[in-house]
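*Asks:* Dropping the structure in here first, questions after.
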Amino acid sequence: MTQNTQCDIGFIGLGVMGKNLVLNLADNGYSIAAFDLDNEKVNAAIEQDKLESQQDTARVIGCSSYTELLSKLKAPHLIVLSVPAGAPVDQVCESLIGAGVQPDDIVIDTGNSLWVDTVAREEKYKNNFILFSSAVSGGEVGARFGPALMPSGSAYAWTRIKPIWEAISAKVDATTGKPIERTQPGEVVNEGEPCTAYIGPAGAGHYVKMVHNGIEYADMQIICEAYQVLRDGLMLSTDEIADIFEQWNNGPLDSYLMEISVDVLRHKIDIDGKQVPVVDVILDKAGQKGTGLWTAMSTLELGTPAPTIAQAVYARSISSMKDIRVKAANLLTGPQVVALTGDEKQEFINNLHDAVYCSKICAYAQGFQLMKQAENEHGWTLDFSSIAKIWRAGCIIRAVFLQSITDAFERDQELENLLLDPYFVEQLNKHQLNWRKAIATISLMGIPTGALSSSLSYFDSMRCNVLPANLLQGQRDYFGAHTFERTDKASGKKYHVEWASADKAIKLV
Ligand code: 6PG
């Protein structure tokens with residue numbers, strides 16, 4: 001490509017994700033005009049592209065301003081943003097307007113924007129350009145060799161973006177449901193099912209990505225709790241725990257997050273001539289950028305219980321209160337842990353496996369139910385089997401398990417909750433006793449397992465015909481005359497007991 005040729009795509013933001021998306025686009029035959037406020041990042045992307053493509057003609061050209069970027073693109077312009085969520089997205093949008101972006105130009109926000117911001121932006125900029133959103137999952141490797149992409153917004157824009165997104169996304173073998181590996185620069189995959197599909201109108205894609213991240217938090221926390229139980233309850237070494245996770249990764253728990261946990265646990269660093277597992281020196285204070293919190297907030301707003309996801313957010317918060325925890329640890333006692341041995345130990349490890357598996361099912365059930373509730377609330381039409389399909393490869397929560405979820409929603413598009421699907425019913429009924437045994441033992445060990453335990457509580461609440469909310473309604477009626485419905489009368493009719501009166505008469509209100 002010469003400097004005068006018009007490029008297919010303009011790209012803004014050449015951080016780790018941006019640079020890798022650019023290289024991925026270039027591998028798939030698209031020419032790119034790139035801009036970043038930090039010109040060094042543009043140069044780095046161009047250098048890496050030259051090195052990887054080994055071509056004389058550049059697939060990526062650098063631009064030093066928004067105006068130059070627009071001038072280098074085929075019209076109508078297609079511009080991809082990979083900038084941090086929040087104010088930077090608006091700053092770039094305003095700069096593009098200043099540079100002369102046109103109403104039929106498409107600007108794609110690939111960051112983790114808050115979905116309501118996306119809805120507001122689409123409206124705000126509709127006379128200036130078409131704001132489209134497409135959250136990306138898969139981290140830097142995913143961006144480079146095939147991410148999962150969750151596009152939403154203008155249906156017209158999607159017709160232009162679709163072939164590009166299908167080309168660069170991860171692919172799944174339609175027969176096995178497993179990812180088709182792509183690991184080398186220059187490699188492209190033209191077969192299989194792409195991990196992208198139109199999600200819906202503005203905001204829907206970012207909402208779905210937000211829930212993906214909420215599930216990601218839960219999935220990670222569940223694995224971390226199993227790690228702590230094996231470490232502090234069974235006193236296993238980091239390598240022994242890695243061995244167990246490696247075995248688990250061959251069954252229904254086969255997932256990217258389990259796989260990387262094994263790699264993290266196995267990695268050793270040299271400290272004073274000694275090989276020490278890196279996890280032993282990583283400070284136990286978890287960071288978070290906010291998407292898990294947004295998911296938990298949305299569950300509360302919509303009244304859709306997702307305790308495993310919320311617990312995963314709380315677990316990060318409590319981990320960051322290190323100073324208070326250290327003080328409390330010196331004051332508050334716990335049980336003396338006696339490490340299990342022999343058959344008892346193996347049985348407990350098997351039970352813990354089932355606890356992890358069942359909790360994972362509950363976390364996904366919560367995430368999908370949340371999306372279902374959001375669909376009703378916001379008037380979207382979400383295709384849940386398609387969402388599960390997108391998540392089978394490329395994204396952080398990719399797992400063999402996502403095929404079972406895809407199958408469940410293909411069996412019944414209207415499925416209200418995964419816990420009602422025959423396959424998951426069978427799995428939960430089969431493994432729940434081991435799950436309970438694991439939680440009982442862990443509780444006696446005094447090890448915190450908010451995600452594993454709250455999942456069990458969710459499961460038990462979901463299979464409970466009569467919850468104690470009858471007493472709760474009685475309490476509300478007692479102090480606040482909030483009324484209640486009766487099981488022995490027609491639904492919708494409200495009753496109140498005159499608690500202060502001598503006869504405490506029950507009245508229809
Ligand atoms: C993905 C990830 C990603 C995530 C960051 C940071 O799907 O690729 O979910 O989008 O936002 O890895 O997440 P936290 O800092 O909140 O853990």
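Scheme for the structure tokens: letters A, B, ... for chains in order shown; per-chain residue numbers from 1; ligand numbers from 1 in order shown.
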Could you list the protein, DNA and RNA residues that have any atom within 9 Å of ligand 1, counting only C-alpha atoms and all ligand atoms, and write them as a VMD selection string?
*Replies:* chain A and resid 111 to 112 135 to 140 142 to 143 147 to 148 209 to 210 212 to 214 216 to 217 286 to 293 394 to 397
*Asks:* Could you give me, as a PyMOL selection string, the residues within 12 Å of A:Asp243, counting only C-alpha atoms and dropping anything in the same chain fewer than 3 positions from it?
*Replies:* chain A and resi 227+230+236-240+246-250+258-259+261-263+265-266+349
*Asks:* Between A:His482, A:Arg436, A:Lys504, A:His206, which one has atoms that come closest to A:Ala355, using only C-alpha atoms?
*Replies:*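 Distance minimum relative to A:Ala355 lands on A:Arg436.
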*Asks:* For A:Val80, list every protein, DNA or RNA residue within 10 Å, evaluated using only C-alpha atoms, and leave out those in the same chain fewer than 3 positions away; present the list as a VMD selection string.
*Replies:* chain A and resid 9 to 13 18 21 to 22 34 77 83 106 to 110 132 to 134
*Asks:* If we count only C-alpha atoms, what is near stretch 336-345 of chain A at a cut-off of 10 Å, once residues fewer than 4 positions away on the same chain are taken out, given as a PyMOL selection string?
*Replies:* chain A and resi 230+232-236+349-351+442+444-447
*Asks:* Can you check which parts of stretch 347-423 of chain A lie within 8 Å of stretch 167-189 of chain A? Per residue, the shortest pair of atoms and distance in Å to one decimal, counting only C-alpha atoms, sorted by chain and number, as JSON lines.
*Replies:*
{"residue": "A:Arg392", "atom": "CA", "partner": "A:Pro179", "partner_atom": "CA", "distance": 7.1}
{"residue": "A:Ala393", "atom": "CA", "partner": "A:Pro179", "partner_atom": "CA", "distance": 5.3}
{"residue": "A:Gly394", "atom": "CA", "partner": "A:Ala170", "partner_atom": "CA", "distance": 5.0}
{"residue": "A:Val400", "atom": "CA", "partner": "A:Lys178", "partner_atom": "CA", "distance": 7.0}
{"residue": "A:Gln403", "atom": "CA", "partner": "A:Gly177", "partner_atom": "CA", "distance": 6.2}
*Asks:* Give me, as a list in words, the residues of stretch 181-385 of chain A that a backbone DSSP run labels strand (DSSP E).
*Replies:* Glu193, Pro194, Lys268, Ile269, Asp270, Ile271, Lys274, Gln275, Val276 and Pro277 of chain A
*Asks:* What would the file look like if the residues just selected were written as a tab-separated table (two decimals), in the first residue's frame with N, CA and C atoms?
*Replies:*
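Result saved to result-v5.tsv:
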chain	number	residue	atom	x	y	z
A	193	GLU	N	-17.36	-21.41	13.03
A	193	GLU	CA	-18.38	-20.42	13.40
A	193	GLU	C	-17.72	-19.24	14.10
A	194	PRO	N	-17.90	-18.02	13.56
A	194	PRO	CA	-17.24	-16.85	14.18
A	194	PRO	C	-17.85	-16.49	15.53
A	268	LYS	N	7.58	-20.09	38.56
A	268	LYS	CA	8.46	-19.82	39.70
A	268	LYS	C	9.42	-18.69	39.36
A	269	ILE	N	9.80	-17.95	40.39
A	269	ILE	CA	10.81	-16.90	40.18
A	269	ILE	C	11.96	-17.13	41.16
A	270	ASP	N	13.10	-16.57	40.80
A	270	ASP	CA	14.28	-16.74	41.63
A	270	ASP	C	14.30	-15.67	42.73
A	271	ILE	N	14.29	-16.11	43.97
A	271	ILE	CA	14.46	-15.15	45.07
A	271	ILE	C	15.61	-15.67	45.93
A	274	LYS	N	16.63	-19.12	45.34
A	274	LYS	CA	15.60	-20.16	45.54
A	274	LYS	C	14.47	-19.98	44.55
A	275	GLN	N	13.96	-21.07	44.00
A	275	GLN	CA	12.82	-21.00	43.08
A	275	GLN	C	11.53	-20.94	43.90
A	276	VAL	N	10.85	-19.82	43.79
A	276	VAL	CA	9.65	-19.61	44.60
A	276	VAL	C	8.44	-19.42	43.66
A	277	PRO	N	7.30	-20.10	43.95
A	277	PRO	CA	6.12	-19.87	43.10
A	277	PRO	C	5.75	-18.38	43.12
*Asks:* Between A:Val141, A:Ala99, A:Ile309, A:Ile439, single out the one closest to A:Asn20, counting only C-alpha atoms.
*Replies:* A:Val141
